[in-house]
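Visitor: Take a look at query.cif, mmCIF, C-alpha atoms:
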```
data_entry
loop_
_atom_site.label_atom_id
_atom_site.label_comp_id
_atom_site.auth_asym_id
_atom_site.auth_seq_id
_atom_site.Cartn_x
_atom_site.Cartn_y
_atom_site.Cartn_z
CA MET Y 979 26.94 -25.14 40.89
CA LYS Y 980 25.96 -21.68 39.68
CA LYS Y 981 26.67 -21.10 36.00
CA GLN Y 982 28.93 -18.12 35.36
CA GLY Y 983 27.60 -15.41 33.04
CA THR Y 984 29.38 -14.58 29.84
CA GLY Y 985 29.24 -10.84 30.45
CA ILE Y 986 27.53 -10.36 27.09
CA SER Y 987 24.13 -8.73 27.19
CA PRO Y 988 21.44 -10.40 25.12
CA LYS Y 989 20.66 -8.61 21.86
CA LYS Y 990 17.73 -6.25 22.19
CA GLN Y 991 15.03 -7.11 19.71
CA PRO Y 992 13.81 -4.18 17.60
CA GLU Y 993 10.40 -2.93 18.62
CA ARG Y 994 7.63 -4.10 16.37
CA ARG Y 995 5.74 -1.34 14.67
CA THR Y 996 1.99 -1.48 14.89
CA LYS Y 997 -0.11 -1.56 11.74
CA ALA Y 998 -1.19 2.01 12.45
CA GLN Y 999 2.46 3.11 12.64
CA GLN Y 1000 3.25 1.32 9.39
CA ARG Y 1001 0.30 2.99 7.67
CA ALA Y 1002 1.34 6.41 8.99
CA GLU Y 1003 4.90 5.90 7.77
CA ARG Y 1004 3.74 4.79 4.34
CA LEU Y 1005 1.39 7.76 4.13
CA GLU Y 1006 4.28 10.15 4.82
CA GLN Y 1007 6.34 8.46 2.12
CA ILE Y 1008 3.49 8.88 -0.36
CA LEU Y 1009 2.98 12.54 0.53
CA ASP Y 1010 6.73 13.25 0.29
CA ALA Y 1011 6.91 11.60 -3.12
CA ALA Y 1012 3.79 13.38 -4.40
CA GLU Y 1013 4.97 16.74 -3.10
CA TYR Y 1014 8.26 16.40 -4.95
CA LEU Y 1015 6.64 15.24 -8.20
CA PHE Y 1016 3.94 17.92 -8.14
CA SER Y 1017 6.62 20.55 -7.45
CA GLN Y 1018 8.51 19.44 -10.56
CA ASN Y 1019 5.67 18.63 -12.96
CA GLY Y 1020 2.51 20.31 -11.71
CA PHE Y 1021 -0.89 18.74 -11.13
CA TYR Y 1022 -1.44 17.45 -14.67
CA GLY Y 1023 2.10 16.17 -15.11
CA VAL Y 1024 1.82 13.58 -12.34
CA THR Y 1025 -0.13 10.32 -12.11
CA LEU Y 1026 -0.82 8.03 -9.17
CA ARG Y 1027 1.37 5.50 -10.95
CA ASP Y 1028 4.27 7.99 -10.90
CA VAL Y 1029 3.90 8.48 -7.16
CA ALA Y 1030 3.61 4.74 -6.50
CA LYS Y 1031 6.75 4.11 -8.55
CA ARG Y 1032 8.73 6.71 -6.60
CA VAL Y 1033 7.61 5.20 -3.28
CA GLY Y 1034 8.17 1.64 -4.50
CA ILE Y 1035 4.65 0.31 -4.08
CA HIS Y 1036 1.96 -1.03 -6.40
CA THR Y 1037 -0.39 1.56 -7.89
CA THR Y 1038 -3.45 -0.23 -6.51
CA LEU Y 1039 -2.19 0.44 -2.98
CA MET Y 1040 -2.45 4.17 -3.65
CA HIS Y 1041 -6.23 3.86 -3.69
CA TYR Y 1042 -6.14 2.50 -0.15
CA TYR Y 1043 -4.89 5.93 0.95
CA PHE Y 1044 -6.46 8.28 -1.61
CA GLU Y 1045 -9.59 8.12 -3.73
CA ASP Y 1046 -7.94 9.88 -6.66
CA LYS Y 1047 -5.15 12.26 -7.65
CA ARG Y 1048 -7.13 15.34 -6.62
CA ALA Y 1049 -7.50 13.97 -3.09
CA LEU Y 1050 -3.75 13.30 -2.96
CA PHE Y 1051 -2.99 16.79 -4.27
CA GLU Y 1052 -5.18 18.39 -1.61
CA ALA Y 1053 -3.60 16.25 1.12
CA VAL Y 1054 -0.14 17.37 0.06
CA PHE Y 1055 -1.23 21.00 0.24
CA ALA Y 1056 -3.00 20.56 3.57
CA ARG Y 1057 -0.11 18.77 5.29
CA ARG Y 1058 2.26 21.72 5.72
CA SER Y 1059 -0.06 24.72 5.23
CA PRO Y 1060 -1.21 24.93 8.88
CA GLU Y 1061 2.37 25.36 10.08
CA THR Y 1062 3.32 28.15 7.71
CA ILE Y 1063 -0.04 29.87 8.30
CA GLY Y 1064 0.24 29.48 12.07
CA ARG Y 1065 3.75 30.89 12.17
CA ARG Y 1066 2.82 33.86 10.02
CA MET Y 1067 -0.28 34.59 12.08
CA ALA Y 1068 1.77 34.46 15.29
CA ALA Y 1069 4.44 36.75 13.81
CA LEU Y 1070 1.86 39.29 12.61
CA GLU Y 1071 0.04 39.20 15.96
CA LYS Y 1072 3.33 39.74 17.81
CA TYR Y 1073 4.22 42.61 15.48
CA GLU Y 1074 0.83 44.26 16.03
CA LYS Y 1075 1.22 44.04 19.79
CA GLU Y 1076 4.71 45.51 19.65
CA THR Y 1077 3.85 48.42 17.34
CA GLY Y 1078 0.32 49.25 18.44
CA ASP Y 1079 -1.03 52.09 16.31
CA SER Y 1080 2.31 52.73 14.59
CA PRO Y 1081 3.08 49.82 12.27
CA THR Y 1082 5.32 50.29 9.24
CA VAL Y 1083 5.09 48.66 5.84
CA GLU Y 1084 8.58 47.22 6.11
CA GLY Y 1085 7.96 45.86 9.61
CA ALA Y 1086 4.72 44.16 8.56
CA LEU Y 1087 6.39 42.64 5.50
CA HIS Y 1088 9.28 41.35 7.59
CA ALA Y 1089 6.82 39.60 9.90
CA PHE Y 1090 4.96 38.10 6.95
CA LEU Y 1091 7.90 37.16 4.70
CA ASP Y 1092 10.80 36.37 7.03
CA THR Y 1093 8.84 33.84 9.06
CA ASP Y 1094 8.07 31.84 5.94
CA LEU Y 1095 11.56 32.10 4.46
CA ASP Y 1096 13.06 30.90 7.75
CA LEU Y 1097 10.68 27.94 7.92
CA TYR Y 1098 11.60 26.73 4.45
CA ARG Y 1099 15.32 27.38 4.91
CA GLU Y 1100 15.57 25.71 8.31
CA GLY Y 1101 13.25 22.82 7.45
CA GLY Y 1102 15.69 21.15 5.08
CA GLU Y 1103 15.03 19.61 1.69
CA ALA Y 1104 11.51 18.46 2.52
CA TRP Y 1105 10.38 22.00 3.28
CA MET Y 1106 12.27 23.41 0.31
CA ASN Y 1107 10.33 20.95 -1.87
CA SER Y 1108 7.18 22.25 -0.24
CA ALA Y 1109 8.20 25.81 -1.16
CA THR Y 1110 8.69 24.81 -4.79
CA PHE Y 1111 5.38 22.93 -4.74
CA CYS Y 1112 3.49 26.01 -3.52
CA ALA Y 1113 5.18 28.24 -6.09
CA ARG Y 1114 4.48 25.78 -8.89
CA ILE Y 1115 0.78 25.35 -8.19
CA SER Y 1116 -0.09 28.87 -6.98
CA ASN Y 1117 -0.76 30.09 -10.53
CA THR Y 1118 -3.02 27.18 -11.47
CA PRO Y 1119 -6.80 26.94 -10.95
CA GLU Y 1120 -6.33 23.96 -8.61
CA GLY Y 1121 -3.68 25.70 -6.55
CA ALA Y 1122 -5.41 29.09 -6.46
CA GLU Y 1123 -8.56 27.45 -5.08
CA LEU Y 1124 -6.56 25.94 -2.20
CA MET Y 1125 -4.66 29.19 -1.65
CA ASP Y 1126 -7.99 30.97 -1.23
CA GLN Y 1127 -9.22 28.34 1.19
CA TYR Y 1128 -6.13 28.19 3.40
CA PHE Y 1129 -4.23 31.47 3.08
CA ASP Y 1130 -6.85 34.21 2.78
CA PRO Y 1131 -7.12 34.80 6.56
CA VAL Y 1132 -3.38 35.41 7.04
CA VAL Y 1133 -3.15 37.55 3.89
CA LEU Y 1134 -6.08 39.70 5.03
CA ARG Y 1135 -4.42 40.05 8.43
CA LEU Y 1136 -1.36 41.49 6.66
CA ILE Y 1137 -3.56 43.75 4.52
CA GLY Y 1138 -5.18 45.12 7.67
CA ILE Y 1139 -1.80 46.08 9.11
CA LEU Y 1140 -0.73 47.64 5.81
CA LYS Y 1141 -3.88 49.77 5.77
CA ARG Y 1142 -3.01 51.12 9.22
CA ALA Y 1143 0.57 51.77 8.12
CA LEU Y 1144 -0.66 53.56 4.99
CA PRO Y 1145 -3.87 55.32 6.08
CA ASP Y 1146 -3.85 57.70 3.10
CA PHE Y 1147 -3.50 54.95 0.52
CA SER Y 1148 -6.38 53.55 -1.47
CA ASP Y 1149 -7.38 49.92 -1.08
CA GLU Y 1150 -6.57 49.52 -4.76
CA ASP Y 1151 -2.91 50.49 -4.27
CA ILE Y 1152 -2.54 48.32 -1.17
CA PHE Y 1153 -3.96 45.23 -2.85
CA TRP Y 1154 -1.82 45.78 -5.96
CA GLY Y 1155 1.17 46.19 -3.68
CA TYR Y 1156 0.42 42.86 -2.04
CA HIS Y 1157 -0.01 41.30 -5.48
CA PHE Y 1158 3.52 42.35 -6.42
CA VAL Y 1159 4.89 41.09 -3.08
CA THR Y 1160 3.37 37.65 -3.43
CA GLY Y 1161 4.55 37.43 -7.04
CA ALA Y 1162 8.13 38.07 -5.97
CA LEU Y 1163 7.79 35.59 -3.11
CA MET Y 1164 6.49 32.82 -5.35
CA ASN Y 1165 9.24 33.46 -7.87
CA THR Y 1166 11.73 33.10 -5.02
CA LEU Y 1167 10.17 29.91 -3.68
CA ALA Y 1168 10.25 28.34 -7.16
CA ARG Y 1169 14.08 28.21 -7.06
CA THR Y 1170 14.37 28.01 -10.83
CA GLY Y 1171 18.08 28.85 -10.92
CA ARG Y 1172 17.54 31.66 -13.41
CA ILE Y 1173 19.04 34.32 -11.12
CA ASP Y 1174 22.12 32.10 -10.75
CA LYS Y 1175 22.72 32.17 -14.50
CA LEU Y 1176 21.84 35.81 -15.02
CA SER Y 1177 24.16 36.94 -12.24
CA GLY Y 1178 26.99 34.62 -13.24
CA GLY Y 1179 26.84 32.93 -9.85
CA VAL Y 1180 26.78 36.12 -7.78
CA CYS Y 1181 23.23 35.27 -6.61
CA HIS Y 1182 21.71 31.87 -5.91
CA SER Y 1183 18.02 31.10 -6.08
CA ASP Y 1184 18.12 28.97 -2.94
CA ASP Y 1185 19.87 31.65 -0.86
CA PHE Y 1186 16.85 32.55 1.23
CA LEU Y 1187 19.01 34.44 3.72
CA ALA Y 1188 20.00 36.89 0.97
CA VAL Y 1189 16.35 37.23 -0.04
CA LYS Y 1190 15.31 37.78 3.58
CA ALA Y 1191 17.85 40.58 3.95
CA ARG Y 1192 16.43 42.46 0.96
CA MET Y 1193 12.85 41.61 0.03
CA ALA Y 1194 10.84 43.39 2.74
CA LYS Y 1195 12.88 46.58 2.39
CA PHE Y 1196 12.63 46.53 -1.41
CA MET Y 1197 8.89 45.87 -1.41
CA ALA Y 1198 8.21 48.50 1.25
CA ALA Y 1199 9.88 51.10 -0.97
CA GLY Y 1200 7.61 49.95 -3.80
CA PHE Y 1201 4.51 50.55 -1.70
CA HIS Y 1202 5.64 54.07 -0.83
CA ALA Y 1203 6.51 54.77 -4.47
CA LEU Y 1204 2.85 54.32 -5.38
CA ARG Y 1205 2.16 57.71 -3.80
CA ASN Y 1206 4.33 59.49 -6.40
#
```
Once more with this new file: its structure as structure tokens, please.

Guide:
Amino acid sequence: MKKQGTGISPKKQPERRTKAQQRAERLEQILDAAEYLFSQNGFYGVTLRDVAKRVGIHTTLMHYYFEDKRALFEAVFARRSPETIGRRMAALEKYEKETGDSPTVEGALHAFLDTDLDLYREGGEAWMNSATFCARISNTPEGAELMDQYFDPVVLRLIGILKRALPDFSDEDIFWGYHFVTGALMNTLARTGRIDKLSGGVCHSDDFLAVKARMAKFMAAGFHALRN
């Protein structure tokens, strides 16, 4: 006699993760934790023990993934940099193709700034932590060295467009103009909350949409003002 089924499907067993998948997941946890801690305390304010504690692992396990804190710091920087650089390069290339020999300062700055602001804003808390991390370390010897290594090509691409938009301007004025732009950008990415207090809540330091609507236009006017 055939046994009747119960109609209840057997419970599906969860798929076992491979050791490689487990290592990759743990590595992401370590990088996330380190990125947050470096963004809050800088390079010298963080130890491998701090990172291990935040992840919930023993400090000795950290050395399985990274030789030392400098290696971890560089890995944090290298993890997200290619995406922000790639997006900016693509935006600048698209802008150059669209404008040909007639670029404008404001248009070039929109391509350079808006792409990055959108990435951080749309990427959620992890990317916002990355923004704060970059702002925090950009004015340190360790961070400046990595900025040179990773970001110089995209910055020089922007400078090239600005030179075509401002053919009568000296290189000195254009590079100073960029210096002021990047200073304002890093201050924005730091999200210190100072503008919130100064404005009595009218402005918010994490309102990247408000920044996006104003920064390129404001900075473009600054470039042109250098002629006066």

Visitor: How many Å lie between atom CA of Y:Ala1194 and atom CA of Y:Arg1058, rounded to one decimal?

Guide: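 Atom CA of Y:Arg1058 lies at a distance of 23.5 Å from atom CA of Y:Ala1194.
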
Visitor: For the structure provided, state which residues fall under the PyMOL selection byres ((chain Y and resi 1057) around 12), and present them as an MDAnalysis selection string.

Guide: chainID Y and resid 1005:1006 1008:1010 1012:1013 1050:1056 1058:1063 1104:1105 1108 1112 1128

Visitor: Go through the shown structure with the PyMOL selection byres ((chain Y and resi 1197-1205) around 12) and write out the matching residues as a ChimeraX atom specification.

Guide: /Y:1082-1088,1091,1140-1141,1143-1163,1189-1196,1206

Visitor: From the list Y:Cys1181, Y:Ala1069, Y:Leu1136, Y:Met1040, which residue is nearest Y:Thr1166 when using all atoms listed in the file?

Guide: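 Looking only at the distances to Y:Thr1166, the closest residue turns out to be Y:Cys1181.
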
Visitor: Using the chain letters and numbers from the file, which residues does the PyMOL selection byres ((chain Y and resi 1047) around 9) grab, as a tab-separated table (two decimals) with C-alpha atoms, in the coordinates of the input?

Guide:
```
chain	number	residue	atom	x	y	z
Y	1021	PHE	CA	-0.89	18.74	-11.13
Y	1024	VAL	CA	1.82	13.58	-12.34
Y	1025	THR	CA	-0.13	10.32	-12.11
Y	1026	LEU	CA	-0.82	8.03	-9.17
Y	1044	PHE	CA	-6.46	8.28	-1.61
Y	1045	GLU	CA	-9.59	8.12	-3.73
Y	1046	ASP	CA	-7.94	9.88	-6.66
Y	1048	ARG	CA	-7.13	15.34	-6.62
Y	1049	ALA	CA	-7.50	13.97	-3.09
Y	1050	LEU	CA	-3.75	13.30	-2.96
Y	1051	PHE	CA	-2.99	16.79	-4.27
Y	1052	GLU	CA	-5.18	18.39	-1.61
```

Visitor: Could stretch 1173-1190 of chain Y be completed with N, CA, C and O atoms and written as a PDB file, in the coordinates of the input, please?

Guide:
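What landed in out_20.pdb:
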```pdb
ATOM      1  N   ILE Y1173      18.221  33.226 -11.660  1.00  0.00           N
ATOM      2  CA  ILE Y1173      19.040  34.320 -11.120  1.00  0.00           C
ATOM      3  C   ILE Y1173      20.502  33.903 -11.019  1.00  0.00           C
ATOM      4  O   ILE Y1173      21.406  34.727 -11.162  1.00  0.00           O
ATOM      5  N   ASP Y1174      20.746  32.614 -10.811  1.00  0.00           N
ATOM      6  CA  ASP Y1174      22.120  32.100 -10.750  1.00  0.00           C
ATOM      7  C   ASP Y1174      22.830  32.338 -12.086  1.00  0.00           C
ATOM      8  O   ASP Y1174      23.974  32.800 -12.127  1.00  0.00           O
ATOM      9  N   LYS Y1175      22.122  32.025 -13.172  1.00  0.00           N
ATOM     10  CA  LYS Y1175      22.720  32.170 -14.500  1.00  0.00           C
ATOM     11  C   LYS Y1175      22.859  33.629 -14.895  1.00  0.00           C
ATOM     12  O   LYS Y1175      23.891  34.048 -15.420  1.00  0.00           O
ATOM     13  N   LEU Y1176      21.794  34.396 -14.649  1.00  0.00           N
ATOM     14  CA  LEU Y1176      21.840  35.810 -15.020  1.00  0.00           C
ATOM     15  C   LEU Y1176      22.962  36.556 -14.313  1.00  0.00           C
ATOM     16  O   LEU Y1176      23.615  37.423 -14.896  1.00  0.00           O
ATOM     17  N   SER Y1177      23.169  36.219 -13.036  1.00  0.00           N
ATOM     18  CA  SER Y1177      24.160  36.940 -12.240  1.00  0.00           C
ATOM     19  C   SER Y1177      25.560  36.341 -12.350  1.00  0.00           C
ATOM     20  O   SER Y1177      26.498  36.848 -11.736  1.00  0.00           O
ATOM     21  N   GLY Y1178      25.699  35.268 -13.127  1.00  0.00           N
ATOM     22  CA  GLY Y1178      26.990  34.620 -13.240  1.00  0.00           C
ATOM     23  C   GLY Y1178      27.458  34.005 -11.927  1.00  0.00           C
ATOM     24  O   GLY Y1178      28.658  33.921 -11.661  1.00  0.00           O
ATOM     25  N   GLY Y1179      26.501  33.575 -11.115  1.00  0.00           N
ATOM     26  CA  GLY Y1179      26.840  32.930  -9.850  1.00  0.00           C
ATOM     27  C   GLY Y1179      26.949  33.869  -8.664  1.00  0.00           C
ATOM     28  O   GLY Y1179      27.224  33.432  -7.545  1.00  0.00           O
ATOM     29  N   VAL Y1180      26.734  35.164  -8.885  1.00  0.00           N
ATOM     30  CA  VAL Y1180      26.780  36.120  -7.780  1.00  0.00           C
ATOM     31  C   VAL Y1180      25.595  35.883  -6.827  1.00  0.00           C
ATOM     32  O   VAL Y1180      25.722  36.003  -5.610  1.00  0.00           O
ATOM     33  N   CYS Y1181      24.436  35.553  -7.401  1.00  0.00           N
ATOM     34  CA  CYS Y1181      23.230  35.270  -6.610  1.00  0.00           C
ATOM     35  C   CYS Y1181      22.826  33.818  -6.824  1.00  0.00           C
ATOM     36  O   CYS Y1181      23.085  33.242  -7.886  1.00  0.00           O
ATOM     37  N   HIS Y1182      22.178  33.254  -5.825  1.00  0.00           N
ATOM     38  CA  HIS Y1182      21.710  31.870  -5.910  1.00  0.00           C
ATOM     39  C   HIS Y1182      20.254  31.800  -5.506  1.00  0.00           C
ATOM     40  O   HIS Y1182      19.856  32.366  -4.487  1.00  0.00           O
ATOM     41  N   SER Y1183      19.462  31.104  -6.299  1.00  0.00           N
ATOM     42  CA  SER Y1183      18.020  31.100  -6.080  1.00  0.00           C
ATOM     43  C   SER Y1183      17.593  30.402  -4.797  1.00  0.00           C
ATOM     44  O   SER Y1183      16.465  30.581  -4.342  1.00  0.00           O
ATOM     45  N   ASP Y1184      18.472  29.607  -4.212  1.00  0.00           N
ATOM     46  CA  ASP Y1184      18.120  28.970  -2.940  1.00  0.00           C
ATOM     47  C   ASP Y1184      18.727  29.684  -1.736  1.00  0.00           C
ATOM     48  O   ASP Y1184      18.672  29.178  -0.615  1.00  0.00           O
ATOM     49  N   ASP Y1185      19.283  30.871  -1.956  1.00  0.00           N
ATOM     50  CA  ASP Y1185      19.870  31.650  -0.860  1.00  0.00           C
ATOM     51  C   ASP Y1185      18.788  32.497  -0.206  1.00  0.00           C
ATOM     52  O   ASP Y1185      18.686  33.701  -0.422  1.00  0.00           O
ATOM     53  N   PHE Y1186      17.969  31.854   0.612  1.00  0.00           N
ATOM     54  CA  PHE Y1186      16.850  32.550   1.230  1.00  0.00           C
ATOM     55  C   PHE Y1186      17.304  33.584   2.265  1.00  0.00           C
ATOM     56  O   PHE Y1186      16.562  34.520   2.560  1.00  0.00           O
ATOM     57  N   LEU Y1187      18.493  33.425   2.796  1.00  0.00           N
ATOM     58  CA  LEU Y1187      19.010  34.440   3.720  1.00  0.00           C
ATOM     59  C   LEU Y1187      19.236  35.763   2.986  1.00  0.00           C
ATOM     60  O   LEU Y1187      18.935  36.840   3.517  1.00  0.00           O
ATOM     61  N   ALA Y1188      19.782  35.679   1.769  1.00  0.00           N
ATOM     62  CA  ALA Y1188      20.000  36.890   0.970  1.00  0.00           C
ATOM     63  C   ALA Y1188      18.671  37.540   0.603  1.00  0.00           C
ATOM     64  O   ALA Y1188      18.537  38.770   0.609  1.00  0.00           O
ATOM     65  N   VAL Y1189      17.685  36.712   0.284  1.00  0.00           N
ATOM     66  CA  VAL Y1189      16.350  37.230  -0.040  1.00  0.00           C
ATOM     67  C   VAL Y1189      15.759  37.910   1.191  1.00  0.00           C
ATOM     68  O   VAL Y1189      15.212  39.021   1.107  1.00  0.00           O
ATOM     69  N   LYS Y1190      15.858  37.245   2.333  1.00  0.00           N
ATOM     70  CA  LYS Y1190      15.310  37.780   3.580  1.00  0.00           C
ATOM     71  C   LYS Y1190      15.906  39.142   3.922  1.00  0.00           C
ATOM     72  O   LYS Y1190      15.216  40.028   4.427  1.00  0.00           O
TER      73      LYS Y1190
END
```
